[in-house]
Amino acid sequence: MKNQNGPLIELSSLEGNSHKSRPASDAFNPDDYEAIRLRRIFAYAIDVLCIAVISVAATFAATLIGVITFGVLTPLLVLILAAIPLGYHTLLVGGPGNATLGMRFMNVRMERMNGEAPDYLIALIHAALFYFTVAATSSLILLISLFNPRGRMLHDYLVDTVIRRVPIRS
């Protein structure tokens, strides 16, 4: 589709529900999971950078507020800073795109095994389980993805989700 100024470029191919796909629990399609483990690793690396940028800005603001309140709000601000990764993941995965910025860049998104989009509660539980299990096992829990063709991890199994590749629309 073209307009007078040249071709239109779609910046986010993951937004909206115009791409309806079959449920992940249906027949296994290897194309949906092509290099999924590598895509998830790079997506998480991008997300870590995004979270770091947000955290630096929030730390600056929290420090300023802590000084202004003579340290009274510091414990509350520390809890808010700790919640940034959970909020980032929850708001983006539970939203209309069903993917964090890193996931969008790597053309993957989260889906329920029945084909539905995850809501905010599922996204929150998924993120909390991810951070808890990774911290509790020093990341060894991520090895579970090597033993199944969909690259699912423990937190994916517990909330009945899957991370699938999204075809690039032309």
# chains A, B, ... in the order shown; residues from 1 in each chain; ligands from 1

$ residues_around --residues "A:Leu49" --least-positions-apart "4" --cutoff "12 Å" --atoms "only C-alpha atoms" --output "compact mmCIF listing (two decimals) with C-alpha atoms, in the first residue's frame"
# COMPACT_ATOMS: atom_id res chain seq x y z
CA PHE A 42 18.19 -11.52 22.51
CA ALA A 43 14.72 -10.21 23.39
CA TYR A 44 15.56 -10.43 27.08
CA ALA A 45 18.89 -8.64 26.51
CA VAL A 53 17.18 3.08 31.22
CA ILE A 54 13.87 3.27 33.07
CA SER A 55 15.57 2.35 36.34
CA VAL A 56 18.25 5.04 35.99
CA PRO A 85 10.94 -5.01 35.89
CA TYR A 88 7.57 -3.32 32.46
CA THR A 100 7.82 -6.51 25.45
CA LEU A 101 9.93 -4.16 23.33
CA GLY A 102 12.64 -6.81 23.02

$ select_by_dssp --residues "chain A" --states "alpha helix (DSSP H)" --output "PyMOL selection string"
chain A and resi 36-68+74-82+84-93+101-105+120-137+154-158

$ select_by_dssp --residues "stretch 49-120 of chain A" --states "strand (DSSP E or B)" --output "list of chain:residue names"
A:Val108, A:Arg109, A:Met110, A:Glu111, A:Arg112

$ closest_residue --among "A:Ala58, A:Ala127, A:Ile141, A:Val159" --to "A:Val93" --atoms "only C-alpha atoms"
A:Ala127

$ atom_distance --atom1 "atom CA of A:Val134" --atom2 "atom CA of A:Met106"
21.7 Å

$ residues_around --residues "A:Thr59" --least-positions-apart "2" --cutoff "12 Å" --atoms "only C-alpha atoms" --output "ChimeraX atom specification"
/A:51-57,61-66,74,77-82,84

$ residues_around --residues "A:Arg164" --least-positions-apart "3" --cutoff "6 Å" --atoms "only C-alpha atoms" --output "PDB file with C-alpha atoms, in the first residue's frame"
ATOM      1  CA  ASP A  32       6.401 -20.948  14.786  1.00  0.00           C
ATOM      2  CA  TYR A  33       9.380 -21.869  16.963  1.00  0.00           C
ATOM      3  CA  VAL A 108       7.941 -13.068  19.038  1.00  0.00           C
ATOM      4  CA  ARG A 109       4.951 -12.713  21.331  1.00  0.00           C
TER       5      ARG A 109
END

$ atom_distance --atom1 "atom CA of A:Ala123" --atom2 "atom CA of A:Ile163"
12.2 Å

$ closest_residue --among "A:Leu158, A:Ala35, A:Ile168, A:Gly94" --to "A:Thr133" --atoms "only C-alpha atoms"
A:Leu158

$ residues_around --residues "A:Tyr157" --least-positions-apart "2" --cutoff "12 Å" --atoms "only C-alpha atoms" --output "VMD selection string"
chain A and resid 111 to 113 125 to 126 129 to 130 144 to 145 148 150 to 155 159 to 163

$ closest_residue --among "A:Asp119, A:Asp31, A:Asp47, A:Asp156" --to "A:Gly97" --atoms "only C-alpha atoms"
A:Asp119

$ residues_around --residues "A:Leu91" --least-positions-apart "4" --cutoff "8 Å" --atoms "only C-alpha atoms" --output "list in words"
Gly87, Gly95, Tyr120 and Ala123 of chain A

$ decode --residues "stretch 63-103 of chain A" --atoms "C-alpha atoms" --output "PDB file, in the first residue's frame"
ATOM      1  CA  THR A  63      16.901  10.139  45.049  1.00  0.00           C
ATOM      2  CA  LEU A  64      15.529  13.617  44.534  1.00  0.00           C
ATOM      3  CA  ILE A  65      12.269  12.739  46.332  1.00  0.00           C
ATOM      4  CA  GLY A  66      14.244  11.045  49.132  1.00  0.00           C
ATOM      5  CA  VAL A  67      16.315  14.187  49.680  1.00  0.00           C
ATOM      6  CA  ILE A  68      13.250  16.425  49.605  1.00  0.00           C
ATOM      7  CA  THR A  69      11.433  14.251  52.182  1.00  0.00           C
ATOM      8  CA  PHE A  70      14.577  13.835  54.343  1.00  0.00           C
ATOM      9  CA  GLY A  71      14.542  10.074  53.744  1.00  0.00           C
ATOM     10  CA  VAL A  72      11.005   9.431  54.974  1.00  0.00           C
ATOM     11  CA  LEU A  73       9.846   7.997  51.638  1.00  0.00           C
ATOM     12  CA  THR A  74      13.068   6.099  50.889  1.00  0.00           C
ATOM     13  CA  PRO A  75      11.745   2.613  51.858  1.00  0.00           C
ATOM     14  CA  LEU A  76       8.683   3.103  49.661  1.00  0.00           C
ATOM     15  CA  LEU A  77      10.821   4.337  46.777  1.00  0.00           C
ATOM     16  CA  VAL A  78      13.087   1.282  47.051  1.00  0.00           C
ATOM     17  CA  LEU A  79      10.050  -0.985  46.686  1.00  0.00           C
ATOM     18  CA  ILE A  80       8.882   0.999  43.668  1.00  0.00           C
ATOM     19  CA  LEU A  81      12.319   0.683  42.055  1.00  0.00           C
ATOM     20  CA  ALA A  82      12.268  -3.078  42.652  1.00  0.00           C
ATOM     21  CA  ALA A  83       8.873  -3.299  40.910  1.00  0.00           C
ATOM     22  CA  ILE A  84      10.070  -1.710  37.664  1.00  0.00           C
ATOM     23  CA  PRO A  85      10.937  -5.005  35.885  1.00  0.00           C
ATOM     24  CA  LEU A  86       7.609  -6.551  36.911  1.00  0.00           C
ATOM     25  CA  GLY A  87       5.692  -3.487  35.770  1.00  0.00           C
ATOM     26  CA  TYR A  88       7.568  -3.324  32.462  1.00  0.00           C
ATOM     27  CA  HIS A  89       6.822  -6.942  31.658  1.00  0.00           C
ATOM     28  CA  THR A  90       3.230  -6.870  32.913  1.00  0.00           C
ATOM     29  CA  LEU A  91       2.145  -3.709  31.111  1.00  0.00           C
ATOM     30  CA  LEU A  92       3.696  -4.659  27.771  1.00  0.00           C
ATOM     31  CA  VAL A  93       2.883  -8.384  27.659  1.00  0.00           C
ATOM     32  CA  GLY A  94      -0.604  -7.912  29.091  1.00  0.00           C
ATOM     33  CA  GLY A  95      -1.315  -5.037  26.687  1.00  0.00           C
ATOM     34  CA  PRO A  96      -2.474  -5.148  23.071  1.00  0.00           C
ATOM     35  CA  GLY A  97       0.895  -6.194  21.581  1.00  0.00           C
ATOM     36  CA  ASN A  98       1.410  -9.194  23.915  1.00  0.00           C
ATOM     37  CA  ALA A  99       5.139  -8.585  23.778  1.00  0.00           C
ATOM     38  CA  THR A 100       7.815  -6.509  25.453  1.00  0.00           C
ATOM     39  CA  LEU A 101       9.927  -4.162  23.332  1.00  0.00           C
ATOM     40  CA  GLY A 102      12.637  -6.812  23.019  1.00  0.00           C
ATOM     41  CA  MET A 103      10.092  -9.440  22.008  1.00  0.00           C
TER      42      MET A 103
END
